[in-house]
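target_8.txt follows (compact mmCIF, C-alpha atoms):
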# COMPACT_ATOMS: atom_id res chain seq x y z
CA MET T 1 -17.10 -48.09 -6.96
CA LYS T 2 -16.73 -44.49 -5.96
CA ARG T 3 -17.25 -42.15 -8.89
CA LYS T 4 -14.47 -39.78 -9.82
CA LEU T 5 -15.03 -36.14 -8.97
CA ALA T 6 -15.43 -33.47 -11.66
CA ILE T 7 -15.81 -29.71 -11.27
CA VAL T 8 -18.24 -27.98 -13.62
CA LEU T 9 -17.72 -24.28 -14.26
CA LEU T 10 -21.33 -23.23 -14.26
CA SER T 11 -22.21 -19.71 -15.32
CA GLY T 12 -25.93 -20.38 -15.34
CA GLY T 13 -26.09 -20.27 -19.13
CA MET T 14 -27.17 -22.92 -21.58
CA ASP T 15 -23.72 -24.15 -22.62
CA SER T 16 -22.46 -24.84 -19.11
CA CYS T 17 -25.82 -26.40 -18.18
CA VAL T 18 -25.45 -28.94 -21.01
CA CYS T 19 -21.85 -29.49 -19.91
CA ALA T 20 -23.11 -30.35 -16.45
CA ALA T 21 -25.63 -32.79 -17.95
CA ILE T 22 -22.85 -34.51 -19.91
CA ALA T 23 -20.51 -34.70 -16.89
CA HIS T 24 -23.35 -35.92 -14.68
CA ARG T 25 -23.65 -39.21 -16.58
CA GLN T 26 -20.16 -40.25 -15.50
CA TYR T 27 -18.90 -38.33 -12.49
CA GLU T 28 -19.73 -37.02 -9.07
CA LEU T 29 -20.05 -33.27 -9.57
CA ALA T 30 -18.89 -30.11 -7.82
CA PHE T 31 -20.25 -26.81 -9.18
CA LEU T 32 -18.13 -23.66 -9.39
CA HIS T 33 -19.61 -20.27 -10.20
CA ILE T 34 -17.44 -17.21 -10.70
CA SER T 35 -18.96 -13.92 -9.81
CA TYR T 36 -16.65 -11.40 -11.48
CA GLY T 37 -18.74 -8.28 -11.53
CA GLN T 38 -20.48 -9.18 -14.79
CA LEU T 39 -23.55 -7.00 -15.35
CA THR T 40 -25.84 -10.03 -15.50
CA GLU T 41 -24.60 -11.54 -12.25
CA SER T 42 -27.90 -11.61 -10.37
CA GLN T 43 -29.66 -13.53 -13.14
CA GLU T 44 -26.71 -15.89 -13.63
CA LEU T 45 -26.44 -16.64 -9.93
CA ASN T 46 -30.15 -17.23 -9.76
CA SER T 47 -29.83 -19.82 -12.52
CA PHE T 48 -26.77 -21.34 -10.83
CA HIS T 49 -28.74 -21.98 -7.65
CA LYS T 50 -31.66 -23.50 -9.56
CA LEU T 51 -29.32 -25.79 -11.48
CA SER T 52 -27.45 -26.83 -8.31
CA LYS T 53 -30.76 -27.75 -6.74
CA PHE T 54 -31.89 -29.61 -9.86
CA TYR T 55 -28.72 -31.75 -9.89
CA LYS T 56 -28.63 -32.04 -6.05
CA ILE T 57 -25.01 -30.84 -5.86
CA GLU T 58 -23.45 -30.64 -2.40
CA LYS T 59 -19.99 -29.32 -3.29
CA LEU T 60 -20.68 -25.72 -4.32
CA PHE T 61 -18.21 -22.86 -4.57
CA ILE T 62 -19.35 -19.38 -5.51
CA CYS T 63 -16.14 -17.48 -5.97
CA LYS T 64 -16.25 -13.69 -6.03
CA ILE T 65 -13.40 -11.94 -7.79
CA ASP T 66 -13.04 -8.23 -8.18
CA SER T 67 -9.95 -8.18 -10.41
CA LEU T 68 -11.69 -8.30 -13.80
CA ARG T 69 -14.02 -5.46 -12.88
CA GLN T 70 -11.10 -3.38 -11.61
CA ILE T 71 -9.14 -4.06 -14.78
CA GLY T 72 -12.17 -3.33 -16.98
CA GLY T 73 -11.81 -3.05 -20.75
CA SER T 74 -15.03 -4.91 -21.54
CA SER T 75 -18.70 -3.99 -21.84
CA LEU T 76 -19.47 -6.99 -19.63
CA THR T 77 -17.48 -5.64 -16.68
CA ASP T 78 -17.50 -1.86 -17.21
CA SER T 79 -20.91 -0.20 -17.17
CA SER T 80 -19.51 2.87 -18.98
CA ILE T 81 -19.04 0.72 -22.10
CA SER T 82 -22.34 -0.22 -23.82
CA VAL T 83 -22.92 -3.79 -24.97
CA GLU T 84 -22.78 -3.61 -28.78
CA LYS T 85 -25.92 -4.51 -30.69
CA GLY T 86 -25.80 -8.15 -31.72
CA ASP T 87 -24.29 -8.92 -35.11
CA LEU T 88 -23.66 -12.57 -35.81
CA GLU T 89 -21.88 -11.77 -39.08
CA ARG T 90 -19.25 -9.58 -37.38
CA GLN T 91 -15.65 -10.52 -38.12
CA ASP T 92 -13.81 -8.72 -35.28
CA ILE T 93 -13.88 -9.49 -31.55
CA PRO T 94 -16.83 -7.64 -29.92
CA ASN T 95 -16.51 -5.42 -26.86
CA THR T 96 -18.08 -8.10 -24.67
CA TYR T 97 -14.65 -9.78 -24.76
CA VAL T 98 -13.24 -9.77 -21.22
CA PRO T 99 -9.43 -9.79 -21.55
CA PHE T 100 -8.05 -13.26 -20.72
CA ARG T 101 -11.12 -14.02 -18.63
CA ASN T 102 -11.21 -17.78 -18.94
CA ALA T 103 -7.66 -18.11 -17.58
CA HIS T 104 -8.90 -16.59 -14.32
CA PHE T 105 -11.78 -19.08 -14.19
CA LEU T 106 -9.63 -22.09 -15.03
CA SER T 107 -6.95 -21.07 -12.52
CA ILE T 108 -9.53 -20.95 -9.74
CA ALA T 109 -11.01 -24.26 -10.89
CA THR T 110 -7.57 -25.91 -11.02
CA SER T 111 -6.58 -24.71 -7.54
CA TRP T 112 -9.92 -25.95 -6.15
CA ALA T 113 -9.50 -29.26 -7.99
CA GLU T 114 -6.07 -29.77 -6.40
CA VAL T 115 -7.50 -29.20 -2.93
CA ILE T 116 -10.73 -31.26 -3.22
CA GLY T 117 -9.17 -34.00 -5.36
CA ALA T 118 -11.23 -33.45 -8.52
CA GLU T 119 -9.77 -35.04 -11.65
CA PHE T 120 -11.72 -33.13 -14.29
CA ILE T 121 -12.86 -29.58 -14.94
CA PHE T 122 -15.76 -29.19 -17.36
CA ILE T 123 -16.18 -25.86 -19.11
CA GLY T 124 -18.86 -24.99 -21.64
CA ALA T 125 -16.70 -23.07 -24.11
CA VAL T 126 -18.11 -23.08 -27.65
CA GLU T 127 -15.91 -22.21 -30.58
CA GLU T 128 -18.31 -21.63 -33.48
CA ASP T 129 -20.83 -19.47 -31.72
CA SER T 130 -18.47 -17.71 -29.34
CA SER T 131 -18.33 -14.33 -31.08
CA GLY T 132 -14.65 -14.87 -31.93
CA TYR T 133 -13.31 -14.84 -28.37
CA PRO T 134 -9.73 -16.20 -28.51
CA ASP T 135 -10.14 -18.16 -25.28
CA CYS T 136 -12.98 -20.30 -26.62
CA ARG T 137 -10.91 -22.31 -29.09
CA PRO T 138 -9.76 -25.93 -28.66
CA GLU T 139 -6.06 -25.02 -28.91
CA TYR T 140 -6.46 -22.72 -25.94
CA TYR T 141 -7.64 -25.64 -23.78
CA GLN T 142 -4.91 -27.93 -25.09
CA VAL T 143 -2.34 -25.40 -23.92
CA PHE T 144 -4.10 -24.93 -20.58
CA ASN T 145 -3.91 -28.68 -20.01
CA GLN T 146 -0.17 -28.49 -20.63
CA LEU T 147 0.03 -25.67 -18.11
CA ILE T 148 -1.70 -27.88 -15.53
CA GLU T 149 0.70 -30.69 -16.34
CA VAL T 150 3.79 -28.56 -15.70
CA GLY T 151 2.31 -26.35 -12.97
CA THR T 152 0.54 -28.57 -10.43
CA LYS T 153 1.58 -31.32 -8.07
CA SER T 154 -1.63 -33.40 -8.30
CA LYS T 155 -1.43 -37.03 -9.34
CA PRO T 156 -3.45 -37.99 -11.33
CA ARG T 157 -3.32 -34.59 -12.88
CA VAL T 158 -6.41 -32.48 -13.35
CA GLU T 159 -7.76 -32.29 -16.92
CA ILE T 160 -9.89 -29.61 -18.57
CA VAL T 161 -12.75 -31.10 -20.61
CA THR T 162 -14.68 -29.11 -23.22
CA PRO T 163 -17.48 -31.40 -24.43
CA VAL T 164 -19.53 -28.77 -26.30
CA ILE T 165 -16.67 -26.83 -27.90
CA LYS T 166 -17.32 -28.15 -31.40
CA MET T 167 -21.11 -28.03 -31.14
CA SER T 168 -23.41 -25.48 -32.73
CA LYS T 169 -26.07 -23.93 -30.52
CA LYS T 170 -28.55 -26.23 -32.30
CA GLU T 171 -26.58 -29.31 -31.22
CA ILE T 172 -26.27 -27.94 -27.69
CA VAL T 173 -30.05 -27.54 -27.45
CA THR T 174 -30.60 -31.00 -28.95
CA THR T 175 -28.05 -32.60 -26.59
CA GLY T 176 -29.54 -30.78 -23.63
CA VAL T 177 -33.02 -32.06 -24.45
CA GLN T 178 -31.73 -35.63 -24.95
CA LEU T 179 -30.02 -35.60 -21.55
CA GLY T 180 -32.97 -34.06 -19.74
CA SER T 181 -31.00 -30.91 -19.04
CA PRO T 182 -33.13 -28.12 -17.47
CA LEU T 183 -32.56 -25.51 -20.18
CA HIS T 184 -35.59 -23.55 -18.96
CA LEU T 185 -33.62 -22.68 -15.81
CA THR T 186 -30.69 -21.08 -17.70
CA TRP T 187 -29.97 -17.41 -18.50
CA SER T 188 -28.20 -16.18 -21.64
CA CYS T 189 -28.79 -12.43 -22.08
CA TYR T 190 -25.87 -10.00 -21.74
CA LYS T 191 -28.04 -7.16 -20.44
CA ASP T 192 -28.80 -6.48 -16.81
CA GLN T 193 -32.58 -6.72 -16.90
CA ASP T 194 -35.23 -8.98 -15.45
CA VAL T 195 -36.32 -9.98 -18.94
CA ALA T 196 -33.90 -11.07 -21.67
CA CYS T 197 -33.35 -8.31 -24.25
CA GLY T 198 -33.65 -10.55 -27.31
CA LYS T 199 -31.18 -8.38 -29.24
CA CYS T 200 -27.64 -8.99 -27.92
CA ASP T 201 -25.31 -11.58 -29.48
CA SER T 202 -26.06 -14.04 -26.72
CA CYS T 203 -29.86 -13.77 -27.05
CA LEU T 204 -29.60 -14.00 -30.85
CA LEU T 205 -27.47 -17.15 -30.60
CA ARG T 206 -29.82 -18.74 -28.12
CA LYS T 207 -32.93 -17.99 -30.18
CA ARG T 208 -31.31 -19.29 -33.34
CA GLY T 209 -30.23 -22.47 -31.54
CA PHE T 210 -33.67 -23.34 -30.24
CA GLN T 211 -35.27 -22.49 -33.59
CA ALA T 212 -32.80 -24.67 -35.54
CA ALA T 213 -33.31 -27.54 -33.08
CA GLY T 214 -37.08 -27.23 -33.38
CA VAL T 215 -37.38 -26.90 -29.60
CA GLU T 216 -39.54 -24.34 -27.83
CA ASP T 217 -37.47 -21.74 -25.90
CA GLN T 218 -39.32 -20.92 -22.70
CA THR T 219 -37.41 -17.65 -22.29
CA THR T 220 -39.48 -14.45 -22.38
CA TYR T 221 -37.82 -11.81 -24.57
CA LEU T 222 -38.37 -8.05 -24.68
CA LEU T 223 -38.01 -8.17 -28.48
CA MET M 1 11.32 7.45 -28.26
CA LYS M 2 8.64 6.31 -25.89
CA ARG M 3 9.74 3.37 -23.79
CA LYS M 4 7.70 0.19 -23.96
CA LEU M 5 5.58 -0.59 -20.94
CA ALA M 6 6.29 -3.60 -18.69
CA ILE M 7 4.35 -4.86 -15.69
CA VAL M 8 6.37 -6.16 -12.75
CA LEU M 9 4.67 -8.60 -10.40
CA LEU M 10 6.05 -7.26 -7.16
CA SER M 11 5.48 -9.21 -3.98
CA GLY M 12 7.79 -7.05 -1.93
CA GLY M 13 10.41 -9.80 -1.72
CA MET M 14 14.00 -9.81 -2.88
CA ASP M 15 13.51 -11.74 -6.14
CA SER M 16 10.78 -9.47 -7.51
CA CYS M 17 12.72 -6.39 -6.36
CA VAL M 18 15.73 -7.46 -8.45
CA CYS M 19 13.34 -8.23 -11.34
CA ALA M 20 12.08 -4.67 -11.12
CA ALA M 21 15.66 -3.36 -11.17
CA ILE M 22 16.39 -5.39 -14.31
CA ALA M 23 13.20 -4.28 -16.08
CA HIS M 24 13.78 -0.68 -15.05
CA ARG M 25 16.89 -0.38 -17.24
CA GLN M 26 14.84 -0.89 -20.39
CA TYR M 27 11.14 -0.19 -19.87
CA GLU M 28 8.59 2.11 -18.37
CA LEU M 29 7.21 0.18 -15.41
CA ALA M 30 3.82 -0.60 -13.90
CA PHE M 31 3.81 -2.44 -10.55
CA LEU M 32 1.26 -5.12 -9.69
CA HIS M 33 0.89 -6.54 -6.20
CA ILE M 34 -1.45 -9.39 -5.44
CA SER M 35 -2.93 -9.50 -2.02
CA TYR M 36 -4.28 -13.05 -1.75
CA GLY M 37 -4.70 -13.48 1.95
CA GLN M 38 -1.09 -14.55 2.53
CA LEU M 39 -0.19 -14.44 6.21
CA THR M 40 2.65 -12.00 5.56
CA GLU M 41 0.52 -9.55 3.61
CA SER M 42 1.03 -6.48 5.78
CA GLN M 43 4.83 -6.74 5.62
CA GLU M 44 4.78 -7.49 1.89
CA LEU M 45 2.50 -4.57 1.12
CA ASN M 46 4.63 -2.31 3.23
CA SER M 47 7.67 -3.29 1.13
CA PHE M 48 5.66 -2.89 -2.09
CA HIS M 49 4.84 0.72 -1.21
CA LYS M 50 8.44 1.50 -0.32
CA LEU M 51 9.68 -0.02 -3.58
CA SER M 52 7.04 1.84 -5.65
CA LYS M 53 8.18 5.08 -4.06
CA PHE M 54 11.84 4.23 -4.63
CA TYR M 55 11.27 3.61 -8.34
CA LYS M 56 8.74 6.48 -8.65
CA ILE M 57 6.10 4.25 -10.26
CA GLU M 58 2.80 5.89 -11.21
CA LYS M 59 0.92 2.89 -12.59
CA LEU M 60 0.18 0.82 -9.50
CA PHE M 61 -2.40 -1.92 -9.10
CA ILE M 62 -2.91 -3.65 -5.77
CA CYS M 63 -5.26 -6.48 -6.57
CA LYS M 64 -7.06 -8.21 -3.73
CA ILE M 65 -8.23 -11.74 -4.39
CA ASP M 66 -10.03 -13.93 -1.93
CA SER M 67 -10.18 -17.12 -3.98
CA LEU M 68 -6.87 -18.68 -2.84
CA ARG M 69 -7.69 -18.13 0.81
CA GLN M 70 -11.16 -19.63 0.34
CA ILE M 71 -9.68 -22.63 -1.48
CA GLY M 72 -6.93 -23.05 1.13
CA GLY M 73 -4.70 -26.11 1.09
CA SER M 74 -1.52 -24.21 1.98
CA SER M 75 0.15 -23.01 5.15
CA LEU M 76 0.54 -19.61 3.46
CA THR M 77 -3.20 -19.08 3.06
CA ASP M 78 -4.72 -21.20 5.84
CA SER M 79 -3.78 -20.24 9.38
CA SER M 80 -4.83 -23.69 10.67
CA ILE M 81 -1.85 -25.21 8.81
CA SER M 82 1.52 -24.37 10.39
CA VAL M 83 4.42 -23.26 8.23
CA GLU M 84 6.87 -26.19 8.27
CA LYS M 85 10.27 -25.60 9.79
CA GLY M 86 12.73 -24.70 7.06
CA ASP M 87 14.66 -27.58 5.47
CA LEU M 88 16.63 -26.71 2.39
CA GLU M 89 17.51 -30.39 1.81
CA ARG M 90 13.86 -31.46 1.57
CA GLN M 91 12.93 -33.41 -1.57
CA ASP M 92 9.12 -33.09 -1.56
CA ILE M 93 7.01 -29.96 -2.10
CA PRO M 94 6.52 -28.17 1.26
CA ASN M 95 3.15 -27.12 2.65
CA THR M 96 3.83 -23.48 1.76
CA TYR M 97 2.93 -24.51 -1.82
CA VAL M 98 -0.25 -22.62 -2.79
CA PRO M 99 -2.02 -24.76 -5.41
CA PHE M 100 -1.59 -23.26 -8.90
CA ARG M 101 -1.00 -19.84 -7.38
CA ASN M 102 1.15 -18.27 -10.06
CA ALA M 103 -1.49 -18.92 -12.73
CA HIS M 104 -3.82 -16.61 -10.78
CA PHE M 105 -1.13 -13.93 -10.65
CA LEU M 106 -0.20 -14.23 -14.31
CA SER M 107 -3.83 -14.21 -15.42
CA ILE M 108 -4.42 -10.93 -13.59
CA ALA M 109 -1.20 -9.50 -15.00
CA THR M 110 -2.10 -10.56 -18.53
CA SER M 111 -5.59 -9.06 -18.37
CA TRP M 112 -4.17 -5.82 -17.01
CA ALA M 113 -1.45 -5.83 -19.70
CA GLU M 114 -4.10 -6.16 -22.42
CA VAL M 115 -6.00 -3.17 -21.07
CA ILE M 116 -3.06 -0.81 -20.36
CA GLY M 117 -1.05 -1.89 -23.40
CA ALA M 118 1.92 -3.42 -21.58
CA GLU M 119 4.09 -5.71 -23.69
CA PHE M 120 5.98 -7.53 -20.95
CA ILE M 121 5.23 -9.08 -17.57
CA PHE M 122 8.24 -9.56 -15.30
CA ILE M 123 7.96 -12.17 -12.57
CA GLY M 124 10.67 -13.08 -10.07
CA ALA M 125 10.26 -16.84 -10.13
CA VAL M 126 13.42 -18.71 -9.14
CA GLU M 127 13.84 -22.37 -9.98
CA GLU M 128 16.78 -23.55 -7.91
CA ASP M 129 15.86 -21.99 -4.63
CA SER M 130 12.09 -22.21 -4.99
CA SER M 131 11.49 -25.09 -2.57
CA GLY M 132 10.38 -27.34 -5.46
CA TYR M 133 7.21 -25.44 -6.40
CA PRO M 134 6.11 -26.73 -9.83
CA ASP M 135 5.11 -23.26 -11.02
CA CYS M 136 8.61 -21.83 -10.64
CA ARG M 137 10.21 -23.77 -13.49
CA PRO M 138 11.13 -22.34 -16.92
CA GLU M 139 8.88 -24.81 -18.79
CA TYR M 140 5.90 -23.48 -16.85
CA TYR M 141 6.51 -19.97 -18.19
CA GLN M 142 7.12 -21.25 -21.72
CA VAL M 143 3.68 -22.85 -21.66
CA PHE M 144 2.11 -19.75 -20.13
CA ASN M 145 3.49 -17.69 -22.99
CA GLN M 146 1.86 -20.12 -25.42
CA LEU M 147 -1.40 -19.68 -23.52
CA ILE M 148 -1.14 -15.91 -23.96
CA GLU M 149 -0.45 -16.39 -27.64
CA VAL M 150 -3.59 -18.46 -28.22
CA GLY M 151 -5.77 -16.75 -25.62
CA THR M 152 -5.45 -12.98 -26.05
CA LYS M 153 -6.23 -10.51 -28.78
CA SER M 154 -3.33 -8.11 -28.10
CA LYS M 155 -0.88 -7.28 -30.89
CA PRO M 156 2.01 -7.24 -30.16
CA ARG M 157 1.29 -10.04 -27.77
CA VAL M 158 2.18 -9.82 -24.11
CA GLU M 159 5.22 -11.83 -23.02
CA ILE M 160 6.16 -13.20 -19.61
CA VAL M 161 9.81 -12.57 -18.72
CA THR M 162 11.62 -14.41 -15.93
CA PRO M 163 15.09 -12.82 -15.67
CA VAL M 164 16.11 -14.37 -12.35
CA ILE M 165 14.72 -17.89 -12.86
CA LYS M 166 18.12 -19.51 -13.36
CA MET M 167 19.89 -17.47 -10.69
CA SER M 168 20.90 -18.64 -7.24
CA LYS M 169 20.03 -16.41 -4.29
CA LYS M 170 23.70 -15.40 -4.28
CA GLU M 171 23.48 -14.19 -7.87
CA ILE M 172 20.22 -12.39 -7.12
CA VAL M 173 21.85 -10.49 -4.24
CA THR M 174 24.89 -9.70 -6.39
CA THR M 175 22.76 -8.53 -9.32
CA GLY M 176 20.60 -6.46 -7.00
CA VAL M 177 23.65 -4.73 -5.55
CA GLN M 178 25.10 -4.08 -9.04
CA LEU M 179 21.84 -2.47 -10.20
CA GLY M 180 21.41 -0.36 -7.09
CA SER M 181 18.30 -2.33 -6.12
CA PRO M 182 16.98 -1.39 -2.65
CA LEU M 183 17.20 -4.87 -1.11
CA HIS M 184 16.99 -3.37 2.38
CA LEU M 185 13.35 -2.47 1.64
CA THR M 186 12.30 -6.06 0.84
CA TRP M 187 10.62 -8.69 3.02
CA SER M 188 11.20 -12.45 2.73
CA CYS M 189 9.94 -14.20 5.87
CA TYR M 190 6.91 -16.54 5.63
CA LYS M 191 5.76 -15.81 9.18
CA ASP M 192 3.32 -13.09 10.17
CA GLN M 193 5.50 -11.16 12.57
CA ASP M 194 7.07 -7.72 12.75
CA VAL M 195 10.53 -9.26 12.81
CA ALA M 196 11.67 -11.95 10.36
CA CYS M 197 11.76 -15.40 12.03
CA GLY M 198 15.11 -16.43 10.59
CA LYS M 199 14.03 -20.09 10.51
CA CYS M 200 11.57 -20.63 7.66
CA ASP M 201 12.71 -21.75 4.18
CA SER M 202 12.44 -18.23 2.87
CA CYS M 203 14.55 -16.69 5.67
CA LEU M 204 17.14 -19.47 5.36
CA LEU M 205 17.42 -18.91 1.60
CA ARG M 206 17.77 -15.17 2.05
CA LYS M 207 20.44 -15.46 4.73
CA ARG M 208 22.39 -17.99 2.68
CA GLY M 209 22.18 -15.74 -0.39
CA PHE M 210 23.56 -12.66 1.34
CA GLN M 211 26.25 -14.69 3.05
CA ALA M 212 27.39 -16.33 -0.20
CA ALA M 213 27.43 -12.96 -1.97
CA GLY M 214 29.44 -11.42 0.82
CA VAL M 215 26.87 -8.68 1.26
CA GLU M 216 25.51 -7.48 4.57
CA ASP M 217 21.81 -8.32 5.05
CA GLN M 218 20.19 -5.42 6.88
CA THR M 219 17.25 -7.60 7.97
CA THR M 220 16.80 -8.12 11.71
CA TYR M 221 16.10 -11.77 12.53
CA LEU M 222 14.60 -13.31 15.63
CA LEU M 223 17.08 -16.17 15.31
Take the structure in this file and express it as structure tokens.
Amino acid sequence: MKRKLAIVLLSGGMDSCVCAAIAHRQYELAFLHISYGQLTESQELNSFHKLSKFYKIEKLFICKIDSLRQIGGSSLTDSSISVEKGDLERQDIPNTYVPFRNAHFLSIATSWAEVIGAEFIFIGAVEEDSSGYPDCRPEYYQVFNQLIEVGTKSKPRVEIVTPVIKMSKKEIVTTGVQLGSPLHLTWSCYKDQDVACGKCDSCLLRKRGFQAAGVEDQTTYLL
Amino acid sequence: MKRKLAIVLLSGGMDSCVCAAIAHRQYELAFLHISYGQLTESQELNSFHKLSKFYKIEKLFICKIDSLRQIGGSSLTDSSISVEKGDLERQDIPNTYVPFRNAHFLSIATSWAEVIGAEFIFIGAVEEDSSGYPDCRPEYYQVFNQLIEVGTKSKPRVEIVTPVIKMSKKEIVTTGVQLGSPLHLTWSCYKDQDVACGKCDSCLLRKRGFQAAGVEDQTTYLL
């Protein structure tokens, strides 16, 4: 029987890579990468291509959008704002928050799903370790699924799936290893450098995850 | 007292023009135009500039996105699909439907609102005369407002406002005239021509609206 088609929003990071591994067990996959002017785009895209090759994906869509960079308001899209030093105990939302970013990604994914006939959209949002971003919480995705229900004409309707949203980085690493996910091909650092900085929130979360899982992280860090 | 800031999604058509006129009574305005590769872009943009000048708007954002054109699936974004002949009695969704289009527009508007501190986003969606598009119904905007509530960090939160959604084209024309809205500067036709075709759904709806309102339509039509 023909497998159902699922789109995976693949940044090139660890969380979306494990998402792809989970989706891969059940569905035919299409990979979507959004290039939105993030500072780390060249490294992310590099990882995206390696992961696409690893999973032998034929349906690829690299979508370039300029709107988030033009709108700005985040250290990830505006080079005049410095990425804050990592602080995993911080209570407020850090300046790496890109206003309403995931809605842009999910809108593109939903439109593409309607056209290619995909029934699922996998996204590697993680609540616990997500630095407090409002668009990484389960209720956000519940509401987005309602939006798809009222706002599309596809039958069966497209559904957003967030398989790692309740996982810690430790569980993500463990799950990735269990599923043979190529974590060594992923990129996490927020800085635009050839070598991961080792100091930003994203590097700190990654390091802590591998350490807690007792798995060797093959990433080279500056610090 | 300083007036609150509202973004108006302005296509250059009649509905969004009347929306702007309604918002203008109460708020300071910022105009947002999305250039998404629609066939009628040059006419729409032309109207947008005329309307911005008319209302003396300083905060303007013309946002170009290529994603909807790349995704295709609509006669409005893919020149290989012909715009269907207008049929206002049609029951199904016509091929001018751009999959999940308004979510792209509203996501851009919401991100921009978060950055510039706008509290409202006006959009000229119309249910009755909207050719059956799923993303022109009130429940769609109710859910989008929930999405903003769970997915942004702005306080006070941004709110989508749809003042013409329950109006007929007749009421839109009448309201526009009452508010001194420059309807003669707007563009409605779906075809990429210098002169409105007079035959597509959008032209038929416009003509019918002016006729029912007993107002002279200054548009020149081919037919």
Discussion item. Based on only C-alpha atoms, which of the residues in chain T come within 8 Å of chain M? I want them as a ChimeraX atom specification.
Written reply: /T:63-68,71-73,99-101,103-104,107-108,110-112,114-115,134-135,139-140,143-144,146-147,150-153
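With only C-alpha atoms taken into account, the protein and nucleic acid residues at most 8 Å from M:Leu60 (excluding it and anything under 4 positions from it in its own chain) are Ala30, Phe31, Leu32 and Ser52 of chain M.
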I want to know what sits within 12 Å of T:Arg206, based on only C-alpha atoms, with residues of the same chain fewer than 6 positions away left out; could you give that as a PDB file with C-alpha atoms, in the coordinates of the input?
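The result, stored in part09.pdb:
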ATOM      1  CA  GLY T  13     -26.090 -20.270 -19.130  1.00  0.00           C
ATOM      2  CA  MET T  14     -27.170 -22.920 -21.580  1.00  0.00           C
ATOM      3  CA  ASP T  15     -23.720 -24.150 -22.620  1.00  0.00           C
ATOM      4  CA  GLY T  86     -25.800  -8.150 -31.720  1.00  0.00           C
ATOM      5  CA  LEU T  88     -23.660 -12.570 -35.810  1.00  0.00           C
ATOM      6  CA  ASP T 129     -20.830 -19.470 -31.720  1.00  0.00           C
ATOM      7  CA  SER T 130     -18.470 -17.710 -29.340  1.00  0.00           C
ATOM      8  CA  SER T 168     -23.410 -25.480 -32.730  1.00  0.00           C
ATOM      9  CA  LYS T 169     -26.070 -23.930 -30.520  1.00  0.00           C
ATOM     10  CA  LYS T 170     -28.550 -26.230 -32.300  1.00  0.00           C
ATOM     11  CA  GLU T 171     -26.580 -29.310 -31.220  1.00  0.00           C
ATOM     12  CA  ILE T 172     -26.270 -27.940 -27.690  1.00  0.00           C
ATOM     13  CA  VAL T 173     -30.050 -27.540 -27.450  1.00  0.00           C
ATOM     14  CA  LEU T 183     -32.560 -25.510 -20.180  1.00  0.00           C
ATOM     15  CA  HIS T 184     -35.590 -23.550 -18.960  1.00  0.00           C
ATOM     16  CA  THR T 186     -30.690 -21.080 -17.700  1.00  0.00           C
ATOM     17  CA  TRP T 187     -29.970 -17.410 -18.500  1.00  0.00           C
ATOM     18  CA  SER T 188     -28.200 -16.180 -21.640  1.00  0.00           C
ATOM     19  CA  CYS T 189     -28.790 -12.430 -22.080  1.00  0.00           C
ATOM     20  CA  TYR T 190     -25.870 -10.000 -21.740  1.00  0.00           C
ATOM     21  CA  ALA T 196     -33.900 -11.070 -21.670  1.00  0.00           C
ATOM     22  CA  CYS T 197     -33.350  -8.310 -24.250  1.00  0.00           C
ATOM     23  CA  GLY T 198     -33.650 -10.550 -27.310  1.00  0.00           C
ATOM     24  CA  LYS T 199     -31.180  -8.380 -29.240  1.00  0.00           C
ATOM     25  CA  CYS T 200     -27.640  -8.990 -27.920  1.00  0.00           C
ATOM     26  CA  ALA T 212     -32.800 -24.670 -35.540  1.00  0.00           C
ATOM     27  CA  ALA T 213     -33.310 -27.540 -33.080  1.00  0.00           C
ATOM     28  CA  VAL T 215     -37.380 -26.900 -29.600  1.00  0.00           C
ATOM     29  CA  GLU T 216     -39.540 -24.340 -27.830  1.00  0.00           C
ATOM     30  CA  ASP T 217     -37.470 -21.740 -25.900  1.00  0.00           C
ATOM     31  CA  GLN T 218     -39.320 -20.920 -22.700  1.00  0.00           C
ATOM     32  CA  THR T 219     -37.410 -17.650 -22.290  1.00  0.00           C
ATOM     33  CA  TYR T 221     -37.820 -11.810 -24.570  1.00  0.00           C
TER      34      TYR T 221
END
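A straight line drawn from atom CA of T:Glu128 to atom CA of T:Leu76 is 20.2 Å long.
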Item to complete: Counting all atoms listed in the file, write as a list in words all protein and nucleic acid residues lying at most 8 Å from (-26.2, -7.8, -18.8) in the file's frame.
Response: Gln38, Leu39, Thr40, Glu41, Leu76, Cys189, Tyr190, Lys191, Asp192 and Gln193 of chain T
Residues of the last selection are to be written out with C-alpha atoms, as an mmCIF file, in the frame of the given file.
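Okay, part.cif is ready:
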data_model
loop_
_atom_site.group_PDB
_atom_site.id
_atom_site.type_symbol
_atom_site.label_atom_id
_atom_site.label_comp_id
_atom_site.auth_asym_id
_atom_site.auth_seq_id
_atom_site.Cartn_x
_atom_site.Cartn_y
_atom_site.Cartn_z
ATOM 1 C CA GLN T 38 -20.480 -9.180 -14.790
ATOM 2 C CA LEU T 39 -23.550 -7.000 -15.350
ATOM 3 C CA THR T 40 -25.840 -10.030 -15.500
ATOM 4 C CA GLU T 41 -24.600 -11.540 -12.250
ATOM 5 C CA LEU T 76 -19.470 -6.990 -19.630
ATOM 6 C CA CYS T 189 -28.790 -12.430 -22.080
ATOM 7 C CA TYR T 190 -25.870 -10.000 -21.740
ATOM 8 C CA LYS T 191 -28.040 -7.160 -20.440
ATOM 9 C CA ASP T 192 -28.800 -6.480 -16.810
ATOM 10 C CA GLN T 193 -32.580 -6.720 -16.900
#
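One finds atom CA of T:Phe120 at 24.3 Å from atom CA of T:Leu185.
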